[in-house]
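With mmCIF, C-alpha atoms inside, this is upload.cif:
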data_my_file
#
loop_
_atom_site.label_atom_id
_atom_site.label_comp_id
_atom_site.auth_asym_id
_atom_site.auth_seq_id
_atom_site.Cartn_x
_atom_site.Cartn_y
_atom_site.Cartn_z
CA MET A 1 -14.80 -3.44 -2.89
CA LEU A 2 -15.79 -2.04 -6.27
CA ILE A 3 -12.17 -1.88 -7.41
CA ASP A 4 -11.99 -5.69 -7.18
CA ARG A 5 -14.53 -5.97 -9.97
CA TYR A 6 -12.53 -3.79 -12.33
CA LEU A 7 -8.96 -4.92 -11.61
CA PRO A 8 -9.03 -8.11 -9.53
CA THR A 9 -5.53 -9.17 -10.56
CA PHE A 10 -2.69 -6.71 -10.72
CA ASP A 11 1.08 -6.23 -10.72
CA GLU A 12 1.44 -3.52 -8.09
CA THR A 13 -0.76 -1.80 -5.59
CA TYR A 14 -0.21 1.01 -3.10
CA ILE A 15 -2.78 1.58 -0.37
CA TYR A 16 -2.78 4.54 2.02
CA GLU A 17 -5.34 4.95 4.79
CA ALA A 18 -5.90 7.56 7.45
CA SER A 19 -8.36 7.95 10.29
CA VAL A 20 -10.45 11.10 9.89
CA LYS A 21 -12.30 12.97 12.63
CA ALA A 22 -15.37 13.53 10.46
CA THR A 23 -18.38 11.55 9.35
CA PRO A 24 -18.16 9.17 6.37
CA ASP A 25 -20.47 11.52 4.39
CA GLU A 26 -18.27 14.55 5.06
CA THR A 27 -15.15 12.57 4.21
CA TYR A 28 -16.67 11.26 0.99
CA ALA A 29 -17.70 14.78 -0.01
CA ALA A 30 -14.12 15.88 0.66
CA ILE A 31 -12.86 13.10 -1.66
CA ARG A 32 -14.89 14.55 -4.51
CA GLU A 33 -14.40 18.25 -3.78
CA THR A 34 -10.92 18.80 -2.31
CA ASN A 35 -8.59 20.72 -4.57
CA LEU A 36 -5.54 18.47 -4.81
CA LYS A 37 -3.21 21.20 -5.97
CA ASP A 38 -0.32 21.39 -3.53
CA PRO A 39 3.31 22.53 -3.88
CA VAL A 40 4.76 19.05 -3.36
CA ILE A 41 2.25 17.33 -5.67
CA ASP A 42 2.72 20.04 -8.30
CA PHE A 43 6.51 19.72 -8.08
CA LEU A 44 6.40 15.93 -8.50
CA PHE A 45 4.04 16.19 -11.46
CA ASP A 46 6.27 18.88 -12.99
CA LEU A 47 9.20 16.48 -12.58
CA ARG A 48 7.22 13.70 -14.31
CA GLU A 49 6.22 16.11 -17.10
CA LEU A 50 9.75 17.46 -17.53
CA PRO A 51 10.77 15.20 -20.48
CA ARG A 52 7.55 16.02 -22.32
CA ASN A 53 7.82 19.73 -21.61
CA VAL A 54 11.48 19.82 -22.72
CA ALA A 55 10.49 18.05 -25.95
CA ARG A 56 7.69 20.57 -26.48
CA ARG A 57 10.01 23.53 -25.93
CA LEU A 58 12.56 22.05 -28.36
CA ARG A 59 9.79 21.82 -30.96
CA GLY A 60 8.78 25.40 -30.18
CA GLU A 61 5.40 24.31 -28.86
CA PRO A 62 3.83 25.91 -25.79
CA VAL A 63 3.90 23.97 -22.52
CA ALA A 64 0.41 23.03 -21.34
CA ALA A 65 -0.80 25.27 -18.51
CA ARG A 66 -1.66 23.63 -15.21
CA PRO A 67 -5.36 23.61 -14.32
CA PRO A 68 -6.13 25.92 -11.39
CA ARG A 69 -8.14 23.23 -9.64
CA VAL A 70 -7.85 19.43 -9.61
CA THR A 71 -10.48 17.29 -7.89
CA PHE A 72 -11.53 13.66 -8.10
CA GLY A 73 -15.13 14.79 -8.60
CA GLN A 74 -14.15 16.54 -11.83
CA ILE A 75 -11.61 13.93 -12.95
CA MET A 76 -13.18 13.52 -16.37
CA GLN A 77 -12.39 17.17 -17.04
CA GLN A 78 -8.74 16.70 -16.02
CA GLY A 79 -7.91 14.72 -19.12
CA PRO A 80 -9.46 12.41 -21.69
CA GLU A 81 -7.49 9.45 -20.33
CA TRP A 82 -9.62 9.08 -17.20
CA VAL A 83 -12.85 7.14 -17.02
CA VAL A 84 -15.16 6.78 -14.03
CA LEU A 85 -15.49 3.01 -13.65
CA ALA A 86 -17.96 2.88 -10.78
CA GLU A 87 -19.30 4.83 -7.89
CA GLU A 88 -21.29 3.85 -4.85
CA ALA A 89 -22.23 7.31 -3.64
CA GLY A 90 -20.93 8.00 -0.15
CA VAL A 91 -18.81 4.82 -0.11
CA GLU A 92 -16.39 4.35 -3.00
CA LEU A 93 -15.31 6.02 -6.22
CA VAL A 94 -13.30 4.02 -8.78
CA ILE A 95 -11.63 5.66 -11.75
CA GLY A 96 -9.40 4.07 -14.37
CA SER A 97 -6.99 4.75 -17.15
CA ILE A 98 -5.20 2.66 -19.76
CA GLY A 99 -1.92 3.64 -21.28
CA ARG A 100 1.77 3.14 -21.74
CA PHE A 101 2.47 5.26 -18.70
CA TRP A 102 6.23 4.91 -19.17
CA ARG A 103 6.04 7.08 -22.28
CA LYS A 104 6.54 10.83 -22.10
CA ASP A 105 2.92 11.41 -23.10
CA TYR A 106 1.58 8.47 -20.99
CA GLY A 107 0.61 6.63 -24.21
CA SER A 108 -3.05 6.99 -23.27
CA HIS A 109 -5.58 4.63 -24.81
CA LYS A 110 -9.03 6.07 -24.29
CA VAL A 111 -11.61 3.48 -23.31
CA ALA A 112 -15.25 3.68 -22.39
CA GLN A 113 -16.29 2.28 -19.02
CA PRO A 114 -17.70 -1.04 -20.38
CA ASP A 115 -14.44 -1.72 -22.27
CA PHE A 116 -12.11 -1.39 -19.29
CA ILE A 117 -12.49 -4.93 -17.92
CA PRO A 118 -12.23 -6.81 -21.26
CA PHE A 119 -9.31 -4.69 -22.51
CA ARG A 120 -6.38 -7.07 -23.21
CA GLU A 121 -4.39 -5.39 -25.98
CA PRO A 122 -0.71 -6.24 -25.46
CA GLY A 123 1.80 -3.61 -24.42
CA TYR A 124 -0.41 -1.63 -22.04
CA ALA A 125 -0.92 -1.03 -18.34
CA LYS A 126 -4.35 -0.65 -16.76
CA LEU A 127 -4.61 1.61 -13.74
CA ALA A 128 -7.52 1.60 -11.31
CA ILE A 129 -7.78 4.10 -8.48
CA SER A 130 -10.19 3.60 -5.61
CA LEU A 131 -11.13 6.20 -3.00
CA SER A 132 -13.38 4.96 -0.27
CA VAL A 133 -14.63 5.59 3.24
CA ARG A 134 -15.83 3.39 6.04
CA ALA A 135 -17.10 4.26 9.49
CA ALA A 136 -14.75 3.55 12.41
CA GLY A 137 -15.93 4.45 15.90
CA GLU A 138 -16.86 8.14 15.91
CA GLY A 139 -14.81 8.84 12.82
CA THR A 140 -14.02 7.48 9.41
CA ILE A 141 -11.25 5.57 7.69
CA LEU A 142 -10.29 7.15 4.38
CA ARG A 143 -8.70 4.74 1.92
CA TYR A 144 -6.81 5.50 -1.29
CA GLU A 145 -5.61 2.65 -3.48
CA ALA A 146 -3.83 2.69 -6.84
CA ARG A 147 -3.54 -0.66 -8.66
CA THR A 148 -1.75 -1.35 -11.89
CA ALA A 149 -1.98 -4.45 -14.09
CA THR A 150 -0.03 -5.00 -17.29
CA THR A 151 -1.46 -6.78 -20.32
CA ASP A 152 1.63 -8.84 -21.28
CA GLU A 153 5.16 -9.69 -20.18
CA THR A 154 6.80 -6.97 -22.26
CA ALA A 155 4.58 -4.33 -20.70
CA GLN A 156 5.27 -5.84 -17.28
CA ARG A 157 9.03 -5.54 -17.74
CA THR A 158 8.76 -1.97 -19.02
CA PHE A 159 6.34 -1.02 -16.29
CA ARG A 160 8.64 -2.43 -13.61
CA ARG A 161 11.51 -0.27 -14.90
CA TYR A 162 9.22 2.77 -14.96
CA TRP A 163 7.94 2.03 -11.46
CA ARG A 164 11.51 1.90 -10.17
CA ILE A 165 11.80 5.57 -11.09
CA ILE A 166 8.30 6.80 -10.43
CA GLY A 167 7.08 4.59 -7.55
CA ALA A 168 8.44 6.75 -4.71
CA GLY A 169 6.84 9.85 -6.21
CA VAL A 170 3.52 8.02 -6.51
CA GLY A 171 3.69 7.03 -2.83
CA ILE A 172 4.50 10.58 -1.75
CA VAL A 173 1.68 12.03 -3.88
CA MET A 174 -0.80 9.49 -2.47
CA ARG A 175 0.15 10.38 1.12
CA ARG A 176 -0.27 14.09 0.36
CA VAL A 177 -3.65 13.49 -1.27
CA VAL A 178 -4.86 11.54 1.78
CA ARG A 179 -3.62 14.32 4.08
CA ARG A 180 -5.36 17.03 2.05
CA ILE A 181 -8.67 15.17 1.96
CA LYS A 182 -8.45 14.38 5.69
CA ALA A 183 -7.71 18.02 6.53
CA ALA A 184 -10.61 19.25 4.36
CA ALA A 185 -13.07 16.78 5.92
CA GLU A 186 -11.97 17.63 9.47
CA GLN A 187 -12.24 21.35 8.74
CA LYS A 188 -15.77 20.79 7.48
CA GLU A 189 -16.62 18.79 10.61
CA LEU A 190 -15.34 21.62 12.84
CA HIS A 191 -17.44 24.14 10.89
CA ALA A 192 -20.48 21.89 11.22
CA ALA A 193 -19.88 21.56 14.96
CA GLY A 194 -19.63 25.36 15.26
CA ALA A 195 -16.04 25.19 16.50
CA LEU A 196 -14.86 27.31 13.57
CA PRO A 197 -16.41 30.50 12.25
CA MET B 1 10.72 -9.59 23.69
CA THR B 2 7.76 -11.91 23.37
CA THR B 3 7.95 -15.36 21.94
CA ALA B 4 6.53 -16.19 18.54
CA THR B 5 2.99 -17.42 18.57
CA ALA B 6 1.11 -19.51 16.10
CA ALA B 7 -1.88 -17.92 14.41
CA PRO B 8 -4.76 -17.69 16.85
CA ALA B 9 -7.63 -19.88 15.72
CA ARG B 10 -10.02 -17.05 14.86
CA GLY B 11 -11.06 -17.62 11.30
CA ARG B 12 -9.30 -16.98 8.03
CA GLY B 13 -8.96 -13.19 8.03
CA ARG B 14 -5.56 -11.57 7.82
CA LEU B 15 -3.70 -11.82 11.10
CA ILE B 16 -2.98 -8.09 11.32
CA ASN B 17 -6.69 -7.37 11.76
CA TRP B 18 -6.73 -9.22 15.06
CA PHE B 19 -4.15 -6.90 16.55
CA MET B 20 -5.13 -3.56 15.02
CA PRO B 21 -8.46 -3.50 13.21
CA VAL B 22 -8.51 0.33 13.17
CA ALA B 23 -5.43 2.47 12.83
CA ASP B 24 -4.46 6.13 12.59
CA ILE B 25 -2.43 5.35 9.49
CA THR B 26 -2.15 2.30 7.25
CA GLU B 27 0.31 1.90 4.39
CA ARG B 28 0.36 -1.22 2.24
CA HIS B 29 2.41 -2.11 -0.79
CA GLU B 30 1.95 -5.25 -2.88
CA THR B 31 3.97 -6.57 -5.78
CA LEU B 32 4.08 -9.64 -8.01
CA VAL B 33 7.16 -11.83 -7.76
CA HIS B 34 8.04 -14.57 -10.24
CA ALA B 35 9.17 -17.03 -7.56
CA PRO B 36 7.53 -19.60 -5.28
CA ALA B 37 5.91 -18.24 -2.12
CA ASN B 38 8.28 -20.05 0.25
CA ILE B 39 11.31 -18.45 -1.39
CA VAL B 40 9.72 -14.99 -1.39
CA LEU B 41 8.85 -15.14 2.31
CA ASP B 42 12.26 -16.51 3.21
CA VAL B 43 13.99 -13.73 1.30
CA ALA B 44 11.75 -11.10 2.92
CA LYS B 45 12.51 -12.40 6.42
CA THR B 46 16.25 -12.73 5.93
CA PHE B 47 17.03 -9.81 3.62
CA ASP B 48 19.55 -7.38 5.09
CA MET B 49 17.68 -4.13 4.59
CA GLN B 50 20.72 -2.00 5.25
CA SER B 51 22.63 -3.72 2.45
CA VAL B 52 20.85 -1.16 0.24
CA PRO B 53 23.00 2.00 0.58
CA LEU B 54 20.10 4.44 0.11
CA ILE B 55 18.11 2.76 2.88
CA ARG B 56 21.14 3.07 5.14
CA ALA B 57 21.32 6.75 4.17
CA ILE B 58 17.63 7.33 5.04
CA ILE B 59 18.06 5.71 8.47
CA TRP B 60 21.22 7.79 9.04
CA MET B 61 19.37 10.92 7.96
CA ARG B 62 16.51 10.31 10.44
CA GLY B 63 19.09 10.00 13.23
CA LYS B 64 20.77 13.25 12.12
CA ILE B 65 17.48 15.19 11.92
CA LEU B 66 16.42 14.09 15.39
CA GLY B 67 19.92 14.24 16.90
CA ALA B 68 20.10 10.56 17.78
CA THR B 69 23.16 9.07 19.46
CA PRO B 70 25.22 7.34 16.75
CA LEU B 71 24.67 3.59 16.82
CA PRO B 72 27.59 1.18 17.16
CA ALA B 73 28.72 -0.57 13.99
CA ARG B 74 26.17 -3.24 13.01
CA ARG B 75 26.78 -6.64 11.56
CA PRO B 76 24.72 -7.64 8.52
CA GLN B 77 21.54 -9.42 9.55
CA GLY B 78 18.11 -10.28 8.25
CA LEU B 79 15.14 -7.96 8.57
CA VAL B 80 13.27 -10.03 11.16
CA ALA B 81 16.35 -10.85 13.25
CA GLU B 82 17.39 -7.18 13.27
CA THR B 83 13.97 -5.84 14.26
CA LEU B 84 13.53 -8.45 17.00
CA GLY B 85 16.96 -7.41 18.27
CA MET B 86 15.69 -3.81 18.43
CA GLY B 87 12.84 -4.82 20.75
CA TRP B 88 9.98 -5.67 18.39
CA GLY B 89 8.06 -8.89 19.04
CA VAL B 90 6.39 -11.47 16.82
CA LEU B 91 2.65 -11.15 17.41
CA ALA B 92 1.53 -14.02 15.21
CA GLU B 93 2.68 -16.21 12.40
CA ARG B 94 0.98 -18.38 9.85
CA PRO B 95 4.00 -20.41 8.76
CA GLY B 96 4.93 -19.94 5.14
CA ARG B 97 2.26 -17.27 4.61
CA GLU B 98 2.16 -14.41 7.05
CA LEU B 99 4.19 -12.85 9.83
CA VAL B 100 2.99 -10.02 12.08
CA ILE B 101 5.47 -8.03 14.14
CA GLY B 102 4.57 -5.29 16.59
CA ALA B 103 5.80 -2.99 19.33
CA VAL B 104 4.89 0.09 21.31
CA THR B 105 7.10 3.12 21.04
CA GLN B 106 7.46 6.89 20.90
CA PRO B 107 8.71 7.13 17.33
CA TRP B 108 9.30 10.89 17.57
CA GLN B 109 12.11 10.30 20.08
CA ALA B 110 15.65 10.61 18.70
CA ASN B 111 16.83 7.37 20.30
CA VAL B 112 13.69 5.42 19.65
CA LYS B 113 13.02 2.37 21.80
CA PHE B 114 10.68 -0.42 20.77
CA THR B 115 9.00 -2.53 23.42
CA ALA B 116 7.27 -5.77 22.60
CA VAL B 117 3.88 -6.47 24.14
CA ALA B 118 2.56 -10.01 24.57
CA PRO B 119 0.22 -10.93 21.69
CA ASP B 120 -2.74 -11.52 24.03
CA ARG B 121 -2.31 -8.02 25.55
CA PHE B 122 -1.42 -6.09 22.39
CA GLY B 123 -4.93 -5.32 21.18
CA ALA B 124 -6.10 -3.89 24.51
CA PHE B 125 -2.79 -2.19 25.38
CA ALA B 126 -3.55 1.46 26.14
CA GLU B 127 -0.76 2.95 28.29
CA PRO B 128 -0.73 6.68 27.52
CA ASP B 129 1.61 8.68 25.27
CA LEU B 130 2.62 5.73 23.12
CA VAL B 131 2.08 4.50 19.61
CA LYS B 132 1.35 0.88 18.80
CA ILE B 133 2.83 -0.22 15.49
CA VAL B 134 2.32 -3.48 13.62
CA TRP B 135 3.81 -4.52 10.30
CA THR B 136 3.55 -7.62 8.21
CA LEU B 137 5.34 -9.74 5.67
CA GLU B 138 2.79 -11.74 3.67
CA VAL B 139 2.83 -13.99 0.65
CA GLU B 140 -0.04 -15.29 -1.41
CA PRO B 141 0.79 -18.03 -3.91
CA LEU B 142 -0.80 -17.33 -7.30
CA GLY B 143 0.95 -20.22 -9.05
CA PRO B 144 3.91 -22.57 -8.58
CA ALA B 145 6.33 -19.75 -9.43
CA LEU B 146 4.21 -16.65 -9.01
CA THR B 147 3.56 -14.94 -5.69
CA ARG B 148 1.93 -11.79 -4.48
CA PHE B 149 4.13 -10.23 -1.80
CA ARG B 150 2.52 -7.80 0.58
CA THR B 151 3.88 -5.64 3.38
CA GLU B 152 1.64 -3.47 5.50
CA THR B 153 2.30 -1.08 8.37
CA ARG B 154 -0.38 0.20 10.74
CA ALA B 155 0.01 2.55 13.67
CA VAL B 156 -2.38 3.82 16.30
CA ALA B 157 -1.70 6.19 19.18
CA THR B 158 -2.91 5.28 22.64
CA ASP B 159 -4.21 8.80 23.40
CA GLY B 160 -4.78 12.22 21.84
CA THR B 161 -1.41 13.64 22.91
CA ALA B 162 0.50 10.75 21.37
CA GLN B 163 -1.67 10.97 18.26
CA ARG B 164 -0.80 14.64 17.73
CA LYS B 165 2.92 13.98 18.23
CA PHE B 166 2.84 10.93 16.01
CA LEU B 167 0.97 12.57 13.12
CA ARG B 168 3.35 15.55 13.25
CA TYR B 169 6.33 13.16 13.15
CA TRP B 170 4.78 10.97 10.46
CA ARG B 171 4.23 13.95 8.18
CA TRP B 172 7.95 13.95 7.35
CA ALA B 173 9.20 10.57 8.62
CA GLY B 174 6.52 8.78 6.61
CA VAL B 175 8.22 9.99 3.43
CA GLY B 176 11.30 8.05 4.54
CA MET B 177 9.13 4.95 4.96
CA VAL B 178 7.72 5.39 1.43
CA LEU B 179 11.26 5.61 0.09
CA ILE B 180 12.45 2.59 2.10
CA ARG B 181 9.59 0.45 0.78
CA TRP B 182 10.15 1.71 -2.74
CA LEU B 183 13.81 0.68 -2.50
CA LEU B 184 13.22 -2.52 -0.57
CA LEU B 185 10.48 -4.18 -2.61
CA PRO B 186 12.36 -4.34 -5.94
CA ALA B 187 15.49 -5.50 -4.09
CA LEU B 188 13.51 -8.32 -2.42
CA ARG B 189 11.87 -9.22 -5.71
CA ARG B 190 15.18 -9.35 -7.56
CA GLU B 191 16.74 -11.55 -4.88
CA ALA B 192 13.73 -13.92 -4.74
CA GLU B 193 13.60 -14.20 -8.54
CA ARG B 194 17.37 -14.77 -8.67
CA ARG B 195 17.11 -17.53 -6.06
CA ALA B 196 14.11 -19.09 -7.80
CA SER B 197 15.81 -19.10 -11.19
CA SER B 198 19.03 -20.58 -9.77
CA ALA B 199 16.94 -23.27 -8.05
CA THR B 200 15.25 -24.05 -11.39
CA VAL B 201 18.60 -24.26 -13.15
CA ARG B 202 19.98 -26.56 -10.43
CA THR B 203 17.02 -28.93 -10.30
CA PRO B 204 17.31 -30.59 -13.74
CA ALA B 205 21.08 -31.00 -13.37
CA THR B 206 20.62 -32.60 -9.96
CA SER B 207 17.91 -34.91 -11.26
CA ARG B 208 20.08 -35.92 -14.18
CA GLY B 209 22.98 -36.58 -11.83
CA ALA B 210 20.78 -38.69 -9.57
CA ALA B 211 19.28 -40.68 -12.41
CA PRO B 212 20.58 -44.23 -12.73
#
For this file, write the structure as structure tokens.
Amino acid sequence: MLIDRYLPTFDETYIYEASVKATPDETYAAIRETNLKDPVIDFLFDLRELPRNVARRLRGEPVAARPPRVTFGQIMQQGPEWVVLAEEAGVELVIGSIGRFWRKDYGSHKVAQPDFIPFREPGYAKLAISLSVRAAGEGTILRYEARTATTDETAQRTFRRYWRIIGAGVGIVMRRVVRRIKAAAEQKELHAAGALP
Amino acid sequence: MTTATAAPARGRGRLINWFMPVADITERHETLVHAPANIVLDVAKTFDMQSVPLIRAIIWMRGKILGATPLPARRPQGLVAETLGMGWGVLAERPGRELVIGAVTQPWQANVKFTAVAPDRFGAFAEPDLVKIVWTLEVEPLGPALTRFRTETRAVATDGTAQRKFLRYWRWAGVGMVLIRWLLLPALRREAERRASSATVRTPATSRGAAP
């Protein structure tokens, strides 16, 4: 898989897969286009953002407004911290980010795509996210993986502590994302088959 | 309950793929552990999951939501021993590396029953209105004291009716599984790293004591 090229060794990975009653092409399109905004996902992100938003309010600064639409296809517009690492159209999309994610502001370190693999600066975590599809019988398997690797032992210890708090939320968000993409792809398949108006 | 089987001689792929190459849902978590692979796998197999109070609470909560009959008091026991006692069966094992456990069930039932299926029949098993579930404990040595620990769960329904019921159930019960894994993995890691470090501390003292 493409993700193996960009983060072959890692500290933690979560993988969620679901079978989808749609073609791989429809499912891949849904990966790129589905709006991931959802009450549960929004709530968990609000919870993660709470310390930063409280700090902003205490400083009298406005809290950043949520974007009306969040999709993997437009990930570069969601924030400067994301970089598209690789894409095999119709098969796999890999995006990455480097930061000190345990900080209120994620401690983002912007990197260009060619600098992601060689990045070794101590004190950071590298995150690679892979979304992929593969044909299975008459349907498709949708796969969502999030891998994190730390650049030194101090970062590893800090990341572990952070993961102890955030890991469950990450798992729940990933499940929701998979469900939303699956539902969107299956809806599209039903439209294509004429079963829905 | 079926008896444990050695890994079938079918190449080097992961054992789970032989029993369920395609699933309705797959969830896998992996973590690095600073301990030798044999210690990590031993801890994973023998760890008493319900020694973690929040895991006990999640299991209790599932029973309450579904109206399950309260279970009799349990005695502390390891993960594998406890699940085999509940009806799961060992499908395959690559000693010291990988263990695959499976069963068929109707997980949406309040008083859920797990039934083991013989490893040679598991893949083709297709009795209606059931869900086949497999889960693994796997270790991959990355160094003498560094191991990647992996646990994966896959489930597939045997027909459309079971699939609908299962996916409806999994929508909320799956959150409990996420939480259990999130609680369990650090607990396993801590215990394996504690055991590994106490083994390291003991070894030099023992060698010194044994030296002439």
May I have the protein, DNA and RNA residues with any atom at most 10 Å from the point (-2.0, 10.7, 16.8), counting all atoms listed in the file, written as an MDAnalysis selection string?
-> (chainID A and resid 19) or (chainID B and resid 23:25 129:131 155:170)
Residues matched by the PyMOL selection byres ((chain A and resi 123) around 9), written as a list in words |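 Here the PyMOL selection byres ((chain A and resi 123) around 9) matches Gly99, Arg100, Arg120, Glu121, Pro122, Tyr124, Ala125, Thr150, Thr151, Asp152, Glu153, Thr154, Ala155, Gln156 and Thr158 of chain A.
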Output check: residues returned by the PyMOL selection byres ((chain B) within 6 of (chain A)), as a list in words =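 Those residues are Asp24, Ile25, Thr26, Glu27, Arg28, His29, Glu30, Thr31, Leu32, Leu179 and Trp182 of chain B.
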Mind pulling up the distance from atom CA of A:Tyr28 to atom CA of A:Gln78?
->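 Distance reported for this atom pair: 19.5 Å.
Here atom CA of A:Val84 and atom CA of B:Val175 stand 29.4 Å from one another.
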Atom CA of B:Val22 and atom CA of A:Ala30, how far apart in Å?
-> 20.7 Å
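Considering all atoms listed in the file, the residue among B:Leu79, B:Thr105, B:Ser197, B:Gly89 positioned nearest to B:Asp42 is B:Leu79.
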Shell around A:Gly90 at 8 Å using all atoms listed in the file, local window under 3 positions removed, as a VMD selection string = chain A and resid 24 to 25 28 to 29 133
Can you pull out every residue within 12 Å of A:Val70, counting only C-alpha atoms, but drop anything in the same chain fewer than 4 positions away, and send it as a PDB file with C-alpha atoms, in the frame of the given file?
ATOM      1  CA  ILE A  31     -12.860  13.100  -1.660  1.00  0.00           C
ATOM      2  CA  ARG A  32     -14.890  14.550  -4.510  1.00  0.00           C
ATOM      3  CA  GLU A  33     -14.400  18.250  -3.780  1.00  0.00           C
ATOM      4  CA  THR A  34     -10.920  18.800  -2.310  1.00  0.00           C
ATOM      5  CA  ASN A  35      -8.590  20.720  -4.570  1.00  0.00           C
ATOM      6  CA  LEU A  36      -5.540  18.470  -4.810  1.00  0.00           C
ATOM      7  CA  LYS A  37      -3.210  21.200  -5.970  1.00  0.00           C
ATOM      8  CA  ASP A  38      -0.320  21.390  -3.530  1.00  0.00           C
ATOM      9  CA  ILE A  41       2.250  17.330  -5.670  1.00  0.00           C
ATOM     10  CA  ASP A  42       2.720  20.040  -8.300  1.00  0.00           C
ATOM     11  CA  ARG A  66      -1.660  23.630 -15.210  1.00  0.00           C
ATOM     12  CA  GLN A  74     -14.150  16.540 -11.830  1.00  0.00           C
ATOM     13  CA  ILE A  75     -11.610  13.930 -12.950  1.00  0.00           C
ATOM     14  CA  MET A  76     -13.180  13.520 -16.370  1.00  0.00           C
ATOM     15  CA  GLN A  77     -12.390  17.170 -17.040  1.00  0.00           C
ATOM     16  CA  GLN A  78      -8.740  16.700 -16.020  1.00  0.00           C
ATOM     17  CA  GLY A  79      -7.910  14.720 -19.120  1.00  0.00           C
ATOM     18  CA  VAL A 177      -3.650  13.490  -1.270  1.00  0.00           C
TER      19      VAL A 177
END
List the residues matched by the PyMOL selection byres ((chain B and resi 75) around 12) in the displayed structure as a list in words, ordered by chain and then by residue number.
->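 Selection result, ordered by chain and number: Asp48, Met49, Gln50, Ser51, Leu71, Pro72, Ala73, Arg74, Pro76, Gln77, Gly78, Ala81, Glu82 and Gly85 of chain B.
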Using 6 Å of padding on each side, determine the axis-aligned box around all atoms of stretch 37-50 of chain A present in the file and give its centre and edge lengths in Å to one decimal, as lines of an AutoDock Vina configuration file.
center_x = 3.3
center_y = 18.1
center_z = -10.4
size_x = 25.0
size_y = 20.8
size_z = 26.2
Shell of 8 Å around B:Met86, all atoms listed in the file, local chain residues under 3 positions omitted, as a PyMOL selection string | chain B and resi 82-83+113-114
